[in-house]
Structures are given as structure tokens and as C-alpha cells.
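Dropping model37.cif in here (mmCIF, C-alpha atoms):
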data_upload
#
loop_
_atom_site.label_atom_id
_atom_site.label_comp_id
_atom_site.auth_asym_id
_atom_site.auth_seq_id
_atom_site.Cartn_x
_atom_site.Cartn_y
_atom_site.Cartn_z
CA MET A 1 3.48 16.41 -12.95
CA SER A 2 3.27 17.66 -9.39
CA SER A 3 6.48 17.56 -7.37
CA LEU A 4 4.65 16.05 -4.39
CA TRP A 5 2.38 13.09 -3.93
CA LYS A 6 0.45 11.83 -0.99
CA THR A 7 -0.80 8.35 -0.28
CA SER A 8 -2.92 7.31 2.66
CA GLY A 9 -3.81 3.94 4.04
CA LYS A 10 -4.47 1.99 7.20
CA VAL A 11 -1.51 0.44 8.95
CA THR A 12 -1.03 -1.23 12.26
CA SER A 13 1.38 0.27 14.73
CA GLY A 14 3.58 -1.81 16.98
CA GLY A 15 0.88 -1.49 19.63
CA GLY A 16 -1.71 -3.11 17.37
CA SER A 17 -3.92 -0.05 16.87
CA SER A 18 -5.06 1.09 13.43
CA ILE A 19 -3.72 4.46 12.40
CA SER A 20 -3.81 6.51 9.23
CA ALA A 21 -0.47 6.91 7.48
CA ALA A 22 0.53 9.53 4.95
CA ALA A 23 3.82 9.74 3.10
CA THR A 24 4.92 12.72 1.09
CA GLY A 25 7.86 12.60 -1.28
CA GLY A 26 9.17 13.88 -4.57
CA ASP A 27 7.87 12.56 -7.85
CA ASP A 28 11.09 10.58 -8.28
CA VAL A 29 10.07 8.17 -5.50
CA PRO A 30 8.12 5.27 -7.05
CA MET A 31 4.77 5.26 -5.27
CA MET A 32 4.37 1.52 -5.87
CA GLY A 33 7.63 0.95 -4.00
CA ILE A 34 6.40 2.90 -0.98
CA LYS A 35 3.14 0.93 -1.08
CA LEU A 36 4.99 -2.41 -1.16
CA ILE A 37 7.40 -1.39 1.58
CA LYS A 38 4.55 -0.31 3.84
CA GLU A 39 2.57 -3.47 3.11
CA PHE A 40 5.40 -5.84 3.98
CA GLU A 41 7.40 -3.96 6.58
CA GLY A 42 4.46 -2.75 8.65
CA CYS A 43 4.95 0.23 10.92
CA HIS A 44 6.18 -0.17 14.46
CA LEU A 45 6.66 2.98 16.51
CA ASN A 46 8.75 1.16 19.13
CA ALA A 47 12.12 -0.43 18.32
CA TYR A 48 12.21 -4.21 17.89
CA PRO A 49 14.86 -6.84 17.04
CA ASP A 50 15.38 -8.03 13.47
CA PRO A 51 12.95 -10.91 12.70
CA LEU A 52 15.61 -13.08 11.06
CA THR A 53 18.42 -12.71 13.61
CA GLY A 54 16.35 -12.01 16.71
CA GLY A 55 18.83 -9.22 17.44
CA LEU A 56 20.70 -6.73 15.29
CA PRO A 57 19.87 -4.67 13.42
CA ILE A 58 17.32 -3.05 15.70
CA THR A 59 14.41 -1.85 13.58
CA ILE A 60 11.69 0.81 13.92
CA GLY A 61 9.07 2.58 11.81
CA TRP A 62 8.69 1.12 8.32
CA GLY A 63 11.70 -1.18 8.74
CA SER A 64 14.31 1.53 9.34
CA THR A 65 17.52 0.51 11.07
CA ARG A 66 19.12 3.96 11.34
CA ASN A 67 17.82 7.37 12.35
CA LYS A 68 17.98 10.51 10.20
CA ASN A 69 21.51 11.17 11.51
CA GLY A 70 22.69 7.71 10.44
CA GLN A 71 22.90 6.26 13.95
CA PRO A 72 21.55 2.75 14.61
CA PHE A 73 18.36 2.47 16.60
CA GLN A 74 18.50 0.91 20.06
CA MET A 75 15.95 -1.17 21.95
CA GLY A 76 13.76 1.24 23.90
CA ASP A 77 13.73 3.87 21.12
CA SER A 78 10.38 5.12 19.85
CA ILE A 79 9.24 7.50 17.11
CA THR A 80 5.99 9.14 16.01
CA GLN A 81 4.00 8.11 12.93
CA GLU A 82 5.07 11.34 11.20
CA GLU A 83 8.73 10.60 11.94
CA ALA A 84 8.34 7.05 10.59
CA ASP A 85 6.76 8.31 7.35
CA GLU A 86 9.39 11.03 6.87
CA LEU A 87 12.22 8.60 7.62
CA LEU A 88 10.95 6.15 4.99
CA ILE A 89 10.82 8.79 2.25
CA THR A 90 14.18 10.31 3.25
CA GLN A 91 15.89 6.93 3.28
CA CYS A 92 14.41 5.97 -0.09
CA LYS A 93 15.57 9.25 -1.63
CA ASN A 94 19.03 9.35 -0.05
CA GLN A 95 20.06 5.72 0.38
CA PHE A 96 18.19 3.62 -2.15
CA LEU A 97 17.28 5.64 -5.24
CA PRO A 98 20.85 6.83 -6.02
CA ALA A 99 22.01 3.19 -6.27
CA LEU A 100 18.90 2.08 -8.16
CA ARG A 101 19.27 4.84 -10.76
CA LYS A 102 22.57 3.21 -11.78
CA ILE A 103 20.77 0.06 -12.94
CA PRO A 104 20.78 -0.08 -16.75
CA HIS A 105 17.47 0.91 -18.34
CA TRP A 106 16.18 2.48 -15.06
CA ASN A 107 14.87 5.48 -17.01
CA GLU A 108 12.86 3.15 -19.27
CA MET A 109 11.11 1.46 -16.35
CA THR A 110 7.55 2.25 -15.27
CA ASP A 111 6.58 3.16 -11.71
CA GLY A 112 5.58 -0.46 -11.06
CA LYS A 113 8.94 -1.82 -12.19
CA ARG A 114 10.87 0.83 -10.25
CA GLY A 115 8.63 0.22 -7.24
CA ALA A 116 9.33 -3.51 -7.30
CA LEU A 117 13.08 -2.83 -7.31
CA LEU A 118 12.79 -0.20 -4.56
CA SER A 119 10.94 -2.66 -2.31
CA PHE A 120 13.48 -5.38 -3.12
CA ALA A 121 16.40 -3.04 -2.38
CA TYR A 122 14.79 -1.75 0.82
CA ASN A 123 14.55 -5.35 2.02
CA LEU A 124 17.92 -6.66 0.79
CA GLY A 125 20.17 -3.61 0.43
CA ALA A 126 20.59 -0.69 -1.93
CA GLY A 127 23.68 -2.19 -3.54
CA PHE A 128 22.14 -5.49 -4.60
CA TYR A 129 22.72 -4.80 -8.30
CA GLY A 130 26.11 -6.29 -9.18
CA GLY A 131 26.52 -7.81 -5.71
CA ASP A 132 28.11 -11.25 -5.30
CA ASN A 133 24.90 -12.93 -4.16
CA PHE A 134 22.69 -11.24 -6.75
CA ASN A 135 24.02 -12.62 -10.05
CA THR A 136 20.65 -13.73 -11.42
CA ILE A 137 18.72 -10.51 -10.84
CA THR A 138 21.72 -8.47 -12.00
CA LYS A 139 21.92 -10.44 -15.25
CA ARG A 140 18.18 -10.13 -15.92
CA LEU A 141 18.24 -6.36 -15.41
CA LYS A 142 21.53 -5.77 -17.26
CA ASN A 143 20.38 -7.76 -20.30
CA LYS A 144 16.87 -6.28 -20.20
CA GLU A 145 15.38 -9.77 -19.81
CA TRP A 146 12.38 -8.16 -18.19
CA ASP A 147 10.02 -11.10 -18.62
CA GLN A 148 12.36 -13.12 -16.37
CA VAL A 149 12.69 -10.53 -13.58
CA PRO A 150 9.70 -11.76 -11.49
CA ASP A 151 11.17 -15.28 -11.31
CA ALA A 152 14.58 -13.83 -10.49
CA LEU A 153 13.08 -11.75 -7.64
CA TYR A 154 11.39 -14.85 -6.21
CA MET A 155 14.75 -16.60 -5.84
CA TYR A 156 15.64 -14.21 -2.99
CA ARG A 157 13.31 -15.48 -0.27
CA ASN A 158 15.77 -17.09 2.17
CA PRO A 159 14.64 -20.72 1.71
CA GLY A 160 14.48 -22.81 4.86
CA SER A 161 14.46 -19.82 7.20
CA ASN A 162 11.80 -18.60 9.62
CA VAL A 163 11.12 -15.64 7.28
CA GLU A 164 10.76 -17.60 4.01
CA ALA A 165 6.94 -17.51 3.86
CA GLY A 166 6.80 -13.75 4.36
CA LEU A 167 9.58 -13.14 1.87
CA ALA A 168 7.88 -15.42 -0.67
CA ARG A 169 4.71 -13.28 -0.39
CA ARG A 170 6.77 -10.12 -0.76
CA ARG A 171 8.72 -11.41 -3.77
CA LYS A 172 5.44 -12.47 -5.46
CA ALA A 173 3.96 -9.00 -4.87
CA GLU A 174 7.12 -7.37 -6.23
CA GLY A 175 6.91 -9.67 -9.25
CA GLU A 176 3.27 -8.69 -9.83
CA SER A 177 4.19 -5.01 -9.57
CA TRP A 178 6.95 -5.60 -12.12
CA LYS A 179 4.58 -7.38 -14.53
CA LYS A 180 1.83 -4.76 -14.26
CA GLY A 181 4.33 -1.96 -14.72
#

Written as C-alpha cells, that's how I'd like the structure from this file.
Amino acid sequence: MSSLWKTSGKVTSGGGSSISAAATGGDDVPMMGIKLIKEFEGCHLNAYPDPLTGGLPITIGWGSTRNKNGQPFQMGDSITQEEADELLITQCKNQFLPALRKIPHWNEMTDGKRGALLSFAYNLGAGFYGGDNFNTITKRLKNKEWDQVPDALYMYRNPGSNVEAGLARRRKAEGESWKKG
């Protein structure tokens, strides 16, 4: 297997224009996860406030809240498309995949299953597995109750909030990715 992959697609920048995006990463980055992240985060080259809080954390690119040096983004910051793509891959490799690899049976999972969990973690935090508010998904993964994972993912959609509809769509897509493997 090649150590690099490339995926291209149309995305909309914060300014509303269509641009071509390419992401390059190692073969350990689940391509389905990158696809889901890009689909649901969208790419914004100018910093914007968090949709749920209307404030912090300030977000840019494909939903990144910190730059490559670990510093939080500020309103008024901007990045290029290339920087956004590189930041996504770097953050997945350095912040999310190390935690995800600790999930039992990770090595038995297909790209679709790993991708679903990468998208979920990117949205809710790398340390979700074993976290206080993640008992159901943790149990399903720990006990290899894989047929119940899609329903467990769907539970985490922030019911009653202004972001519930979008999160419901994302959780359904992650569930479909999990099922298809």
C-alpha cells in the first residue's frame, strides 16, 4: 500500500466560492474520516465563532481551533486552503489517532469504521472513549457490540440545541460509514 493518498473534492470556502481541496496524509489516516470531517465541518479560511456557543473556541479551516503551534485561533485570523488541508491531516495524526488507536479492537476495524470514529472524535474530542459522558459508545466499542454502534453514535447529537439537526445528519452519516465498513 502506498504511504500517501490524495483525495480531491469541491468545498465551499468561508467566502462562498467553490474551490478544489486536496488532502495528503499517511495511510494510517482513515480516508473515510477525512471525507466525513470535510463534509460536515466545511472549510472556512477566515476565523469564525463556534456555532454552538457563538464565541469560543474560535474556529478556522476544517473546524480547527488551534494552529500548528497549539495556539488558539483569534477572530481576524485567516489561512490558505493548503494550510487548512495540512492542519486537518496533522491534527488527525497527532491529536486524534493516538487516542483512537487505544480503543479495543481498533486494529480489527475497517477504514469505514475507523473513519466514523475519527469524525466523531474530531467533533466531540479525541478522548471520548472512556469519558464520563460517553458511557454508551464506550460500552459498545469495548464489548465489540458493533451492530449497536450506529445507534450509540446517534445519541450524541445535542438534543434541543441549535446544532441538533446538523449533528443528527453527521451522526447518521457516521453510522452509515460504520455499517458499510

Output check: residues returned by the PyMOL selection byres ((chain A and resi 80) around 10), as a list in words: His44, Leu45, Asn46, Gly61, Ser78, Ile79, Gln81, Glu82, Glu83, Ala84, Asp85 and Glu86 of chain A

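For the pair atom CA of A:Asp28 and atom CA of A:Leu117, the interatomic distance is 13.6 Å.
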
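In terms of minimum interatomic distance to A:Asn135, A:Tyr156 ranks closest within A:Tyr156, A:Val29, A:Glu39, A:Leu56, counting only C-alpha atoms.
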
Find the residues near A:Glu108: any atom within 12 Å, counting all atoms listed in the file, skip ones fewer than 5 places away on the same chain, and give them as JSON, numbers by chain. {"A": [101, 103, 113, 114, 141, 144, 146, 181]}

Expected file contents, prior selection, C-alpha atoms, as a tab-separated table (two decimals), in the coordinates of the input:
chain	number	residue	atom	x	y	z
A	101	ARG	CA	19.27	4.84	-10.76
A	103	ILE	CA	20.77	0.06	-12.94
A	113	LYS	CA	8.94	-1.82	-12.19
A	114	ARG	CA	10.87	0.83	-10.25
A	141	LEU	CA	18.24	-6.36	-15.41
A	144	LYS	CA	16.87	-6.28	-20.20
A	146	TRP	CA	12.38	-8.16	-18.19
A	181	GLY	CA	4.33	-1.96	-14.72

I would like the residues chosen by the PyMOL selection byres ((chain A and resi 155) around 10) on the shown file; could you give them as a PyMOL selection string? chain A and resi 134+136-137+150-154+156-159+167-168+171

For the file shown, what are the residues hit by the PyMOL selection byres ((chain A and resi 123-125) around 12), laid out as a PDB file with C-alpha atoms, in the coordinates of the input?
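Just written: out_7.pdb:
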ATOM      1  CA  GLY A  33       7.630   0.950  -4.000  1.00  0.00           C
ATOM      2  CA  ILE A  34       6.400   2.900  -0.980  1.00  0.00           C
ATOM      3  CA  LEU A  36       4.990  -2.410  -1.160  1.00  0.00           C
ATOM      4  CA  ILE A  37       7.400  -1.390   1.580  1.00  0.00           C
ATOM      5  CA  LYS A  38       4.550  -0.310   3.840  1.00  0.00           C
ATOM      6  CA  PHE A  40       5.400  -5.840   3.980  1.00  0.00           C
ATOM      7  CA  GLU A  41       7.400  -3.960   6.580  1.00  0.00           C
ATOM      8  CA  ASP A  50      15.380  -8.030  13.470  1.00  0.00           C
ATOM      9  CA  LEU A  52      15.610 -13.080  11.060  1.00  0.00           C
ATOM     10  CA  TRP A  62       8.690   1.120   8.320  1.00  0.00           C
ATOM     11  CA  GLY A  63      11.700  -1.180   8.740  1.00  0.00           C
ATOM     12  CA  SER A  64      14.310   1.530   9.340  1.00  0.00           C
ATOM     13  CA  THR A  65      17.520   0.510  11.070  1.00  0.00           C
ATOM     14  CA  GLN A  91      15.890   6.930   3.280  1.00  0.00           C
ATOM     15  CA  CYS A  92      14.410   5.970  -0.090  1.00  0.00           C
ATOM     16  CA  GLN A  95      20.060   5.720   0.380  1.00  0.00           C
ATOM     17  CA  PHE A  96      18.190   3.620  -2.150  1.00  0.00           C
ATOM     18  CA  LEU A  97      17.280   5.640  -5.240  1.00  0.00           C
ATOM     19  CA  ALA A  99      22.010   3.190  -6.270  1.00  0.00           C
ATOM     20  CA  LEU A 100      18.900   2.080  -8.160  1.00  0.00           C
ATOM     21  CA  ALA A 116       9.330  -3.510  -7.300  1.00  0.00           C
ATOM     22  CA  LEU A 117      13.080  -2.830  -7.310  1.00  0.00           C
ATOM     23  CA  LEU A 118      12.790  -0.200  -4.560  1.00  0.00           C
ATOM     24  CA  SER A 119      10.940  -2.660  -2.310  1.00  0.00           C
ATOM     25  CA  PHE A 120      13.480  -5.380  -3.120  1.00  0.00           C
ATOM     26  CA  ALA A 121      16.400  -3.040  -2.380  1.00  0.00           C
ATOM     27  CA  TYR A 122      14.790  -1.750   0.820  1.00  0.00           C
ATOM     28  CA  ALA A 126      20.590  -0.690  -1.930  1.00  0.00           C
ATOM     29  CA  GLY A 127      23.680  -2.190  -3.540  1.00  0.00           C
ATOM     30  CA  PHE A 128      22.140  -5.490  -4.600  1.00  0.00           C
ATOM     31  CA  TYR A 129      22.720  -4.800  -8.300  1.00  0.00           C
ATOM     32  CA  GLY A 130      26.110  -6.290  -9.180  1.00  0.00           C
ATOM     33  CA  GLY A 131      26.520  -7.810  -5.710  1.00  0.00           C
ATOM     34  CA  ASN A 133      24.900 -12.930  -4.160  1.00  0.00           C
ATOM     35  CA  PHE A 134      22.690 -11.240  -6.750  1.00  0.00           C
ATOM     36  CA  LEU A 153      13.080 -11.750  -7.640  1.00  0.00           C
ATOM     37  CA  TYR A 156      15.640 -14.210  -2.990  1.00  0.00           C
ATOM     38  CA  ARG A 157      13.310 -15.480  -0.270  1.00  0.00           C
ATOM     39  CA  ASN A 158      15.770 -17.090   2.170  1.00  0.00           C
ATOM     40  CA  GLY A 166       6.800 -13.750   4.360  1.00  0.00           C
ATOM     41  CA  LEU A 167       9.580 -13.140   1.870  1.00  0.00           C
ATOM     42  CA  ARG A 170       6.770 -10.120  -0.760  1.00  0.00           C
ATOM     43  CA  ARG A 171       8.720 -11.410  -3.770  1.00  0.00           C
ATOM     44  CA  GLU A 174       7.120  -7.370  -6.230  1.00  0.00           C
TER      45      GLU A 174
END

Mind giving me the axis-aligned box for stretch 108-118 of chain A with 3 Å on every side, centre plus edges in Å to one decimal, as AutoDock Vina command-line options?
--center_x 9.3 --center_y -0.2 --center_z -11.9 --size_x 13.5 --size_y 12.7 --size_z 20.7

Can you complete the atoms of stretch 97-108 of chain A to all heavy atoms and list them as a PDB file, in the coordinates of the input?
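The result, stored in out.pdb:
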ATOM      1  N   LEU A  97      17.452   5.199  -3.851  1.00  0.00           N
ATOM      2  CA  LEU A  97      17.280   5.640  -5.240  1.00  0.00           C
ATOM      3  C   LEU A  97      18.590   5.972  -5.946  1.00  0.00           C
ATOM      4  O   LEU A  97      18.726   5.641  -7.128  1.00  0.00           O
ATOM      5  CB  LEU A  97      16.293   6.797  -5.316  1.00  0.00           C
ATOM      6  CG  LEU A  97      14.844   6.374  -5.072  1.00  0.00           C
ATOM      7  CD1 LEU A  97      13.929   7.577  -5.029  1.00  0.00           C
ATOM      8  CD2 LEU A  97      14.367   5.378  -6.119  1.00  0.00           C
ATOM      9  N   PRO A  98      19.581   6.580  -5.298  1.00  0.00           N
ATOM     10  CA  PRO A  98      20.850   6.830  -6.020  1.00  0.00           C
ATOM     11  C   PRO A  98      21.475   5.546  -6.565  1.00  0.00           C
ATOM     12  O   PRO A  98      21.949   5.525  -7.710  1.00  0.00           O
ATOM     13  CB  PRO A  98      21.741   7.500  -4.966  1.00  0.00           C
ATOM     14  CG  PRO A  98      20.766   8.196  -4.063  1.00  0.00           C
ATOM     15  CD  PRO A  98      19.589   7.238  -3.976  1.00  0.00           C
ATOM     16  N   ALA A  99      21.456   4.473  -5.797  1.00  0.00           N
ATOM     17  CA  ALA A  99      22.010   3.190  -6.270  1.00  0.00           C
ATOM     18  C   ALA A  99      21.119   2.592  -7.357  1.00  0.00           C
ATOM     19  O   ALA A  99      21.624   2.065  -8.361  1.00  0.00           O
ATOM     20  CB  ALA A  99      22.153   2.222  -5.104  1.00  0.00           C
ATOM     21  N   LEU A 100      19.820   2.674  -7.183  1.00  0.00           N
ATOM     22  CA  LEU A 100      18.900   2.080  -8.160  1.00  0.00           C
ATOM     23  C   LEU A 100      18.973   2.790  -9.503  1.00  0.00           C
ATOM     24  O   LEU A 100      18.841   2.148 -10.554  1.00  0.00           O
ATOM     25  CB  LEU A 100      17.468   2.105  -7.620  1.00  0.00           C
ATOM     26  CG  LEU A 100      17.199   1.183  -6.436  1.00  0.00           C
ATOM     27  CD1 LEU A 100      15.795   1.421  -5.885  1.00  0.00           C
ATOM     28  CD2 LEU A 100      17.390  -0.276  -6.815  1.00  0.00           C
ATOM     29  N   ARG A 101      19.190   4.084  -9.497  1.00  0.00           N
ATOM     30  CA  ARG A 101      19.270   4.840 -10.760  1.00  0.00           C
ATOM     31  C   ARG A 101      20.446   4.401 -11.619  1.00  0.00           C
ATOM     32  O   ARG A 101      20.489   4.704 -12.813  1.00  0.00           O
ATOM     33  CB  ARG A 101      19.363   6.337 -10.460  1.00  0.00           C
ATOM     34  CG  ARG A 101      18.069   6.931 -10.004  1.00  0.00           C
ATOM     35  CD  ARG A 101      18.167   8.458  -9.911  1.00  0.00           C
ATOM     36  NE  ARG A 101      17.024   8.962  -9.199  1.00  0.00           N
ATOM     37  CZ  ARG A 101      17.065   9.473  -7.968  1.00  0.00           C
ATOM     38  NH1 ARG A 101      18.206   9.581  -7.320  1.00  0.00           N
ATOM     39  NH2 ARG A 101      15.967   9.905  -7.397  1.00  0.00           N
ATOM     40  N   LYS A 102      21.405   3.705 -11.041  1.00  0.00           N
ATOM     41  CA  LYS A 102      22.570   3.210 -11.780  1.00  0.00           C
ATOM     42  C   LYS A 102      22.279   1.911 -12.521  1.00  0.00           C
ATOM     43  O   LYS A 102      23.084   1.464 -13.338  1.00  0.00           O
ATOM     44  CB  LYS A 102      23.756   3.020 -10.828  1.00  0.00           C
ATOM     45  CG  LYS A 102      24.244   4.331 -10.239  1.00  0.00           C
ATOM     46  CD  LYS A 102      25.357   4.113  -9.238  1.00  0.00           C
ATOM     47  CE  LYS A 102      25.743   5.449  -8.605  1.00  0.00           C
ATOM     48  NZ  LYS A 102      26.753   5.266  -7.555  1.00  0.00           N
ATOM     49  N   ILE A 103      21.144   1.301 -12.247  1.00  0.00           N
ATOM     50  CA  ILE A 103      20.770   0.060 -12.940  1.00  0.00           C
ATOM     51  C   ILE A 103      20.466   0.407 -14.402  1.00  0.00           C
ATOM     52  O   ILE A 103      19.723   1.353 -14.678  1.00  0.00           O
ATOM     53  CB  ILE A 103      19.539  -0.591 -12.277  1.00  0.00           C
ATOM     54  CG1 ILE A 103      19.890  -1.047 -10.861  1.00  0.00           C
ATOM     55  CG2 ILE A 103      19.018  -1.754 -13.114  1.00  0.00           C
ATOM     56  CD1 ILE A 103      18.718  -1.562 -10.059  1.00  0.00           C
ATOM     57  N   PRO A 104      21.059  -0.358 -15.338  1.00  0.00           N
ATOM     58  CA  PRO A 104      20.780  -0.080 -16.750  1.00  0.00           C
ATOM     59  C   PRO A 104      19.273  -0.089 -17.039  1.00  0.00           C
ATOM     60  O   PRO A 104      18.542  -0.897 -16.478  1.00  0.00           O
ATOM     61  CB  PRO A 104      21.470  -1.245 -17.488  1.00  0.00           C
ATOM     62  CG  PRO A 104      22.513  -1.724 -16.538  1.00  0.00           C
ATOM     63  CD  PRO A 104      21.958  -1.489 -15.159  1.00  0.00           C
ATOM     64  N   HIS A 105      18.856   0.796 -17.879  1.00  0.00           N
ATOM     65  CA  HIS A 105      17.470   0.910 -18.340  1.00  0.00           C
ATOM     66  C   HIS A 105      16.513   1.441 -17.276  1.00  0.00           C
ATOM     67  O   HIS A 105      15.301   1.406 -17.474  1.00  0.00           O
ATOM     68  CB  HIS A 105      16.949  -0.440 -18.884  1.00  0.00           C
ATOM     69  CG  HIS A 105      17.912  -1.135 -19.790  1.00  0.00           C
ATOM     70  ND1 HIS A 105      18.270  -0.650 -21.031  1.00  0.00           N
ATOM     71  CD2 HIS A 105      18.630  -2.277 -19.611  1.00  0.00           C
ATOM     72  CE1 HIS A 105      19.150  -1.462 -21.577  1.00  0.00           C
ATOM     73  NE2 HIS A 105      19.387  -2.457 -20.741  1.00  0.00           N
ATOM     74  N   TRP A 106      17.028   1.937 -16.127  1.00  0.00           N
ATOM     75  CA  TRP A 106      16.180   2.480 -15.060  1.00  0.00           C
ATOM     76  C   TRP A 106      15.212   3.525 -15.625  1.00  0.00           C
ATOM     77  O   TRP A 106      14.025   3.528 -15.286  1.00  0.00           O
ATOM     78  CB  TRP A 106      17.040   3.082 -13.946  1.00  0.00           C
ATOM     79  CG  TRP A 106      16.257   3.737 -12.854  1.00  0.00           C
ATOM     80  CD1 TRP A 106      16.023   5.082 -12.694  1.00  0.00           C
ATOM     81  CD2 TRP A 106      15.592   3.101 -11.747  1.00  0.00           C
ATOM     82  NE1 TRP A 106      15.269   5.310 -11.566  1.00  0.00           N
ATOM     83  CE2 TRP A 106      14.988   4.111 -10.969  1.00  0.00           C
ATOM     84  CE3 TRP A 106      15.452   1.780 -11.345  1.00  0.00           C
ATOM     85  CZ2 TRP A 106      14.264   3.835  -9.813  1.00  0.00           C
ATOM     86  CZ3 TRP A 106      14.727   1.501 -10.190  1.00  0.00           C
ATOM     87  CH2 TRP A 106      14.140   2.530  -9.439  1.00  0.00           C
ATOM     88  N   ASN A 107      15.712   4.395 -16.479  1.00  0.00           N
ATOM     89  CA  ASN A 107      14.870   5.480 -17.010  1.00  0.00           C
ATOM     90  C   ASN A 107      13.768   4.974 -17.940  1.00  0.00           C
ATOM     91  O   ASN A 107      12.817   5.699 -18.221  1.00  0.00           O
ATOM     92  CB  ASN A 107      15.724   6.526 -17.713  1.00  0.00           C
ATOM     93  CG  ASN A 107      16.542   7.324 -16.724  1.00  0.00           C
ATOM     94  OD1 ASN A 107      16.172   7.452 -15.555  1.00  0.00           O
ATOM     95  ND2 ASN A 107      17.669   7.847 -17.177  1.00  0.00           N
ATOM     96  N   GLU A 108      13.885   3.735 -18.405  1.00  0.00           N
ATOM     97  CA  GLU A 108      12.860   3.150 -19.270  1.00  0.00           C
ATOM     98  C   GLU A 108      11.779   2.426 -18.462  1.00  0.00           C
ATOM     99  O   GLU A 108      10.762   2.025 -19.022  1.00  0.00           O
ATOM    100  CB  GLU A 108      13.500   2.146 -20.235  1.00  0.00           C
ATOM    101  CG  GLU A 108      14.536   2.751 -21.158  1.00  0.00           C
ATOM    102  CD  GLU A 108      15.284   1.682 -21.935  1.00  0.00           C
ATOM    103  OE1 GLU A 108      14.637   0.707 -22.397  1.00  0.00           O
ATOM    104  OE2 GLU A 108      16.511   1.818 -22.081  1.00  0.00           O
TER     105      GLU A 108
END
